[in-house]
Amino acid sequence: MAELSEALLSVLPAIRVPKAGDRVHKEECAFSFDTPESDGGLYICMNTFLGFGKQYVEKYYGKTGHRVYLHLKRTRKLKEEDSNSSAGDPPRKKPTRLAIGIEGGFDIPEEKFEYDEDVKIVIFPEHLEIPRDGLEGLPDMVQDRIASAVEAILTADSASRKQEVQAWDGEVRRVSKHAFSLHQLQNSVRIPPCGWKCNKCDMRENLWLNMTDGSILCGRRYFDGSGGNNHAVEHYRETGYPLAVKLGTITPDGADVYSYDEDDMVLDPSLAEHLAHFGIDMLKMQKTDKTMTELEIDMNQRIGEWELIQESGVQLKPLYGPGYTGIRNLGNSCYLNSVVQVLFSIPDFQRKYVDKLEKIFQSAPSDPTQDFSTQVAKLGHGLLSGEYSKPASGDGEQQPDQNQKGMQDGIAPRMFKSLIGKGHPEFSTNRQQDAQEFFLHFINMVERNCRSSENPNEVFRFLVEEKLKCLATEKVKYTQRVDYIMQLPVPMDAALNKDELLEYEERKHQAEEEKQPLPELVRAKVPFSSCLEAYGAPEQVDDFWSTALQAKSVALKTTRFASFPDYLVIQIKKFTFGLDWVPKKLDVSIEMPEELDISALQGTGLQAGEEEMPDIAPPLVTPDEPKAPMLDESVIIQLVEMGFPMDACRKAVYYTGNSGAEAAMNWIMSHMDDPDFANPLVLSGSSGPGSTIICPDPPSEDSVATIVSMGFSRDQAMKALRATSNSLERAVDWIFSHIDDLDAEAAMDISEGRSAAESISESVPVGPKVRDGPGKYQLFAFISHMGTSTMCGHYVCHIKKDGRWVIYNDQKVCASEKPPKDLGYIYFYQRIPS
């Protein structure tokens, strides 16, 4: 006891009680996927609150000198059923609220297991073990201090739990800004209590009453073609009348009210008054149509019934071992799971992170949970080592159902997901995301962290050659840019089964009119060769600023490869916008080739007989108004009519250099979550009302220093911050998207006699390193998506390993019997060795 007391007294000053803001990592090791349920349990440092598996706790002690740890060991066992309650349990109520974990919402599934937990204090290097209840006999002060720390650690929310949504309420609505000032026309319109019909079509359901003029119009068309005909939103775009109420949802308790101006469901405290204007008495109304919440709940309940692209009709053979590790779905994280499974099947990523695991861990900072290289290496090792590729722990009594066969415990990359999504408006959430966008986000993160070391992104990086030919002067302009994905268009007019498609559309329309079951789906079959032809075909660019004419002209743009990467990533552009700018997915089958030759798409550069246009920047101002941007008003009006704020549309046209509606729309979609999205466009040097600055204040020195610390020059940092309104996060992204232009400018600075110190930091390479070789490839992986939008549905991936196709469907890893290569979304091709 004396030895124990002496040891505890020696470490007492290092024991801390967790405070608000402290991250307590008590569910996962910082360097591995060990948890309290692992064989060796988990050791939580009682000073830093970092968790470590048995394999790493000694190393951490040796590196930091932290001696005292709280050891957690959980043993799982099946819950004993309460015979008195199970028979009398009422059936689960149907959800009435779009929420999770609160009254009326979706239930959180009840845990089938319970745990025996063993807690003790361990002191290194002696390995002294003290049970939680073994502190008797110690001085009261020592007992209180240690007991308080232990209790605080055990009761604190784990760092991963803080990242997860325990109770989510999708029905929280704000009071509309128009609620108390809504103008209602004195047009004597009176609305009957039933029998409504759209003023512009024959729709009799999904009807919305505009509360300014009393128009009854149908709602939006949904992704699958159901819903309305968009007449209500079109009416708003024509009139600007903002508020509408869904007929059939009006009851004495309220109704569904939508604000087109605010683009959201809202509350209207003056609803009874607004409805009375049209002769509607709320107290006498009854519900006859589904609310928007009920429609969303129905969709959420159907998700579990979908037959996903997982070869579910075939008995698949489960696979285990190195390289065959499943990943748990952390809540709509299948997009992440699919992407990282493919990336860590590529040798360059294995060499960068897994082969150098020990070196990365040894050089990790004091908080390895926040270090990108550490968490990526941990993820790669977890996938490739085979340590976690084991059948899921059964309950010991019940046989797994058909869908559970082949399920693994796998790994749960919570730290990785939290870190890579930190600060990102989408990837920091538990919402479903676009796998292609996450792939590019991950590539961007790798770029940031590999500027002075080996960069595995080089396997994807290639140069794109764009040729612009002015049709008025026949002069040309060649430019090159770095890219990582080949985006392949889908020419639906090239479908091989047009007659079948037309017949299917007719039968579908007839079935909808007669309210009969829809006919069996007919999917468009588009040849891959037609997609390649569409990619390489010249594209007409209207309103092109010709430096040869010093005026606008029409040009043809041709895209070619200036280099061929080691791994070619092809995205099939299945997700597009309809004429009403509502996102939709093309249901198309493309027979992707096992072997691919794109040598015909190799760029040629300036050809004999071609004359280049002068390299003069297009003006953004007019001579008469030197401080006013010369913006394409037709494009601005087109964007405003889609419902976007005027100031945002002006910035979109400005920042894309008057490049047309498509480029401006892409800018808007990329910046919708920016805090200054709807702020006015302000030009530097402007003054007076109505004139604003792109960068109203000089960039802060802190932001400049942060960017310079990443290896960029001060000039580059200043330029990036000015171009992004002093947004540090956007400035870093801006630099990486303009790195080739910046490097070219730096090279020109040096050639004109300026010193390297004046132009660019020595640590910045002259240009991004690009590999090149033959344009012949073979398919080795693809990611598939099931659903109507990238924002919902499910992702799985297929990877060719050891001569066979393997399907990775979250925690299920199986030998594939019939890989659906024609239905993929993102394809990965590997160069065929010459």
# chains A, B, ... in the order shown; residues from 1 in each chain; ligands from 1

call {"tool": "residues_around", "arguments": {"residues": "region 438-447 of chain A", "least_positions_apart": "3", "cutoff": "8 Å", "atoms": "only C-alpha atoms", "output": "JSON, numbers by chain"}}
result
{"A": [335, 336, 339, 420, 427, 433, 434, 435, 450, 451, 455, 457, 484, 733, 736]}

call {"tool": "residues_around", "arguments": {"residues": "region 804-815 of chain A", "least_positions_apart": "5", "cutoff": "9 Å", "atoms": "only C-alpha atoms", "output": "NGL selection string"}}
result
:A and (310-311 or 316-320 or 324-329 or 333-334 or 337-338 or 341 or 392 or 404-411 or 780-781 or 795-799)

call {"tool": "closest_residue", "arguments": {"among": "A:Asp355, A:Asp268, A:Asp676, A:Glu466", "to": "Val245 (chain A)", "atoms": "only C-alpha atoms"}}
result
A:Asp268

call {"tool": "select_by_dssp", "arguments": {"residues": "region 214-442 of chain A", "states": "helix (DSSP H, G or I)", "output": "VMD selection string"}}
result
chain A and resid 231 to 239 271 to 276 282 to 284 292 to 303 334 to 343 347 to 354 357 to 362 368 to 370 372 to 384 402 to 404 414 to 420 435 to 442

call {"tool": "select_by_dssp", "arguments": {"residues": "region 130-362 of chain A", "states": "strand (DSSP E)", "output": "PyMOL selection string"}}
result
chain A and resi 130-131+168-169+174-175+207-210+216-218+243-246+257-259+264-267+317-318

call {"tool": "closest_residue", "arguments": {"among": "A:Val522, A:Leu154, A:Ala562, A:Leu631", "to": "Leu606 (chain A)", "atoms": "only C-alpha atoms"}}
result
A:Ala562

call {"tool": "decode", "arguments": {"residues": "region 418-449 of chain A", "atoms": "N, CA and C atoms", "output": "compact mmCIF listing (two decimals), in the first residue's frame"}}
result
# COMPACT_ATOMS: atom_id res chain seq x y z
N SER A 418 -14.25 13.26 -38.85
CA SER A 418 -14.34 14.53 -38.14
C SER A 418 -13.27 15.50 -38.60
N LEU A 419 -12.05 15.00 -38.78
CA LEU A 419 -10.93 15.86 -39.16
C LEU A 419 -11.07 16.37 -40.58
N ILE A 420 -11.38 15.49 -41.52
CA ILE A 420 -11.42 15.90 -42.92
C ILE A 420 -12.64 16.77 -43.22
N GLY A 421 -13.66 16.68 -42.36
CA GLY A 421 -14.83 17.52 -42.56
C GLY A 421 -14.80 18.80 -41.76
N LYS A 422 -13.77 18.98 -40.95
CA LYS A 422 -13.70 20.13 -40.05
C LYS A 422 -13.76 21.45 -40.84
N GLY A 423 -14.75 22.27 -40.51
CA GLY A 423 -14.87 23.57 -41.15
C GLY A 423 -15.56 23.55 -42.50
N HIS A 424 -15.86 22.35 -43.02
CA HIS A 424 -16.52 22.27 -44.32
C HIS A 424 -18.04 22.28 -44.12
N PRO A 425 -18.77 23.11 -44.88
CA PRO A 425 -20.22 23.21 -44.63
C PRO A 425 -20.99 21.93 -44.90
N GLU A 426 -20.46 21.02 -45.71
CA GLU A 426 -21.18 19.78 -46.04
C GLU A 426 -20.56 18.56 -45.39
N PHE A 427 -19.24 18.38 -45.54
CA PHE A 427 -18.61 17.15 -45.06
C PHE A 427 -18.50 17.10 -43.54
N SER A 428 -18.80 18.19 -42.86
CA SER A 428 -18.83 18.18 -41.39
C SER A 428 -20.17 17.70 -40.87
N THR A 429 -21.14 17.46 -41.78
CA THR A 429 -22.47 17.04 -41.36
C THR A 429 -22.66 15.54 -41.56
N ASN A 430 -23.82 15.04 -41.13
CA ASN A 430 -24.17 13.63 -41.35
C ASN A 430 -25.09 13.47 -42.55
N ARG A 431 -25.15 14.49 -43.41
CA ARG A 431 -25.96 14.38 -44.61
C ARG A 431 -25.21 13.61 -45.69
N GLN A 432 -25.99 13.00 -46.61
CA GLN A 432 -25.37 12.31 -47.74
C GLN A 432 -24.68 13.33 -48.63
N GLN A 433 -23.56 12.94 -49.25
CA GLN A 433 -22.78 13.84 -50.08
C GLN A 433 -22.46 13.20 -51.43
N ASP A 434 -21.93 14.01 -52.33
CA ASP A 434 -21.52 13.54 -53.64
C ASP A 434 -20.13 12.92 -53.52
N ALA A 435 -19.98 11.67 -53.94
CA ALA A 435 -18.68 10.98 -53.85
C ALA A 435 -17.62 11.70 -54.67
N GLN A 436 -18.00 12.26 -55.81
CA GLN A 436 -17.03 12.98 -56.64
C GLN A 436 -16.52 14.23 -55.93
N GLU A 437 -17.42 14.96 -55.27
CA GLU A 437 -17.01 16.15 -54.54
C GLU A 437 -16.11 15.78 -53.36
N PHE A 438 -16.42 14.66 -52.69
CA PHE A 438 -15.56 14.25 -51.58
C PHE A 438 -14.19 13.82 -52.10
N PHE A 439 -14.15 13.12 -53.22
CA PHE A 439 -12.86 12.72 -53.81
C PHE A 439 -12.00 13.96 -54.05
N LEU A 440 -12.55 15.00 -54.65
CA LEU A 440 -11.78 16.21 -54.92
C LEU A 440 -11.40 16.93 -53.62
N HIS A 441 -12.28 16.89 -52.63
CA HIS A 441 -11.97 17.50 -51.33
C HIS A 441 -10.79 16.77 -50.67
N PHE A 442 -10.80 15.46 -50.73
CA PHE A 442 -9.70 14.69 -50.15
C PHE A 442 -8.41 14.98 -50.91
N ILE A 443 -8.47 15.03 -52.25
CA ILE A 443 -7.30 15.35 -53.05
C ILE A 443 -6.74 16.71 -52.65
N ASN A 444 -7.63 17.68 -52.43
CA ASN A 444 -7.22 19.01 -52.01
C ASN A 444 -6.51 18.97 -50.66
N MET A 445 -7.03 18.17 -49.73
CA MET A 445 -6.40 18.05 -48.41
C MET A 445 -5.01 17.42 -48.53
N VAL A 446 -4.88 16.42 -49.40
CA VAL A 446 -3.57 15.80 -49.61
C VAL A 446 -2.60 16.83 -50.18
N GLU A 447 -3.07 17.65 -51.14
CA GLU A 447 -2.21 18.68 -51.72
C GLU A 447 -1.68 19.61 -50.64
N ARG A 448 -2.55 20.02 -49.74
CA ARG A 448 -2.14 20.95 -48.69
C ARG A 448 -1.07 20.36 -47.79
N ASN A 449 -1.14 19.05 -47.59
CA ASN A 449 -0.25 18.41 -46.61
C ASN A 449 0.96 17.74 -47.25
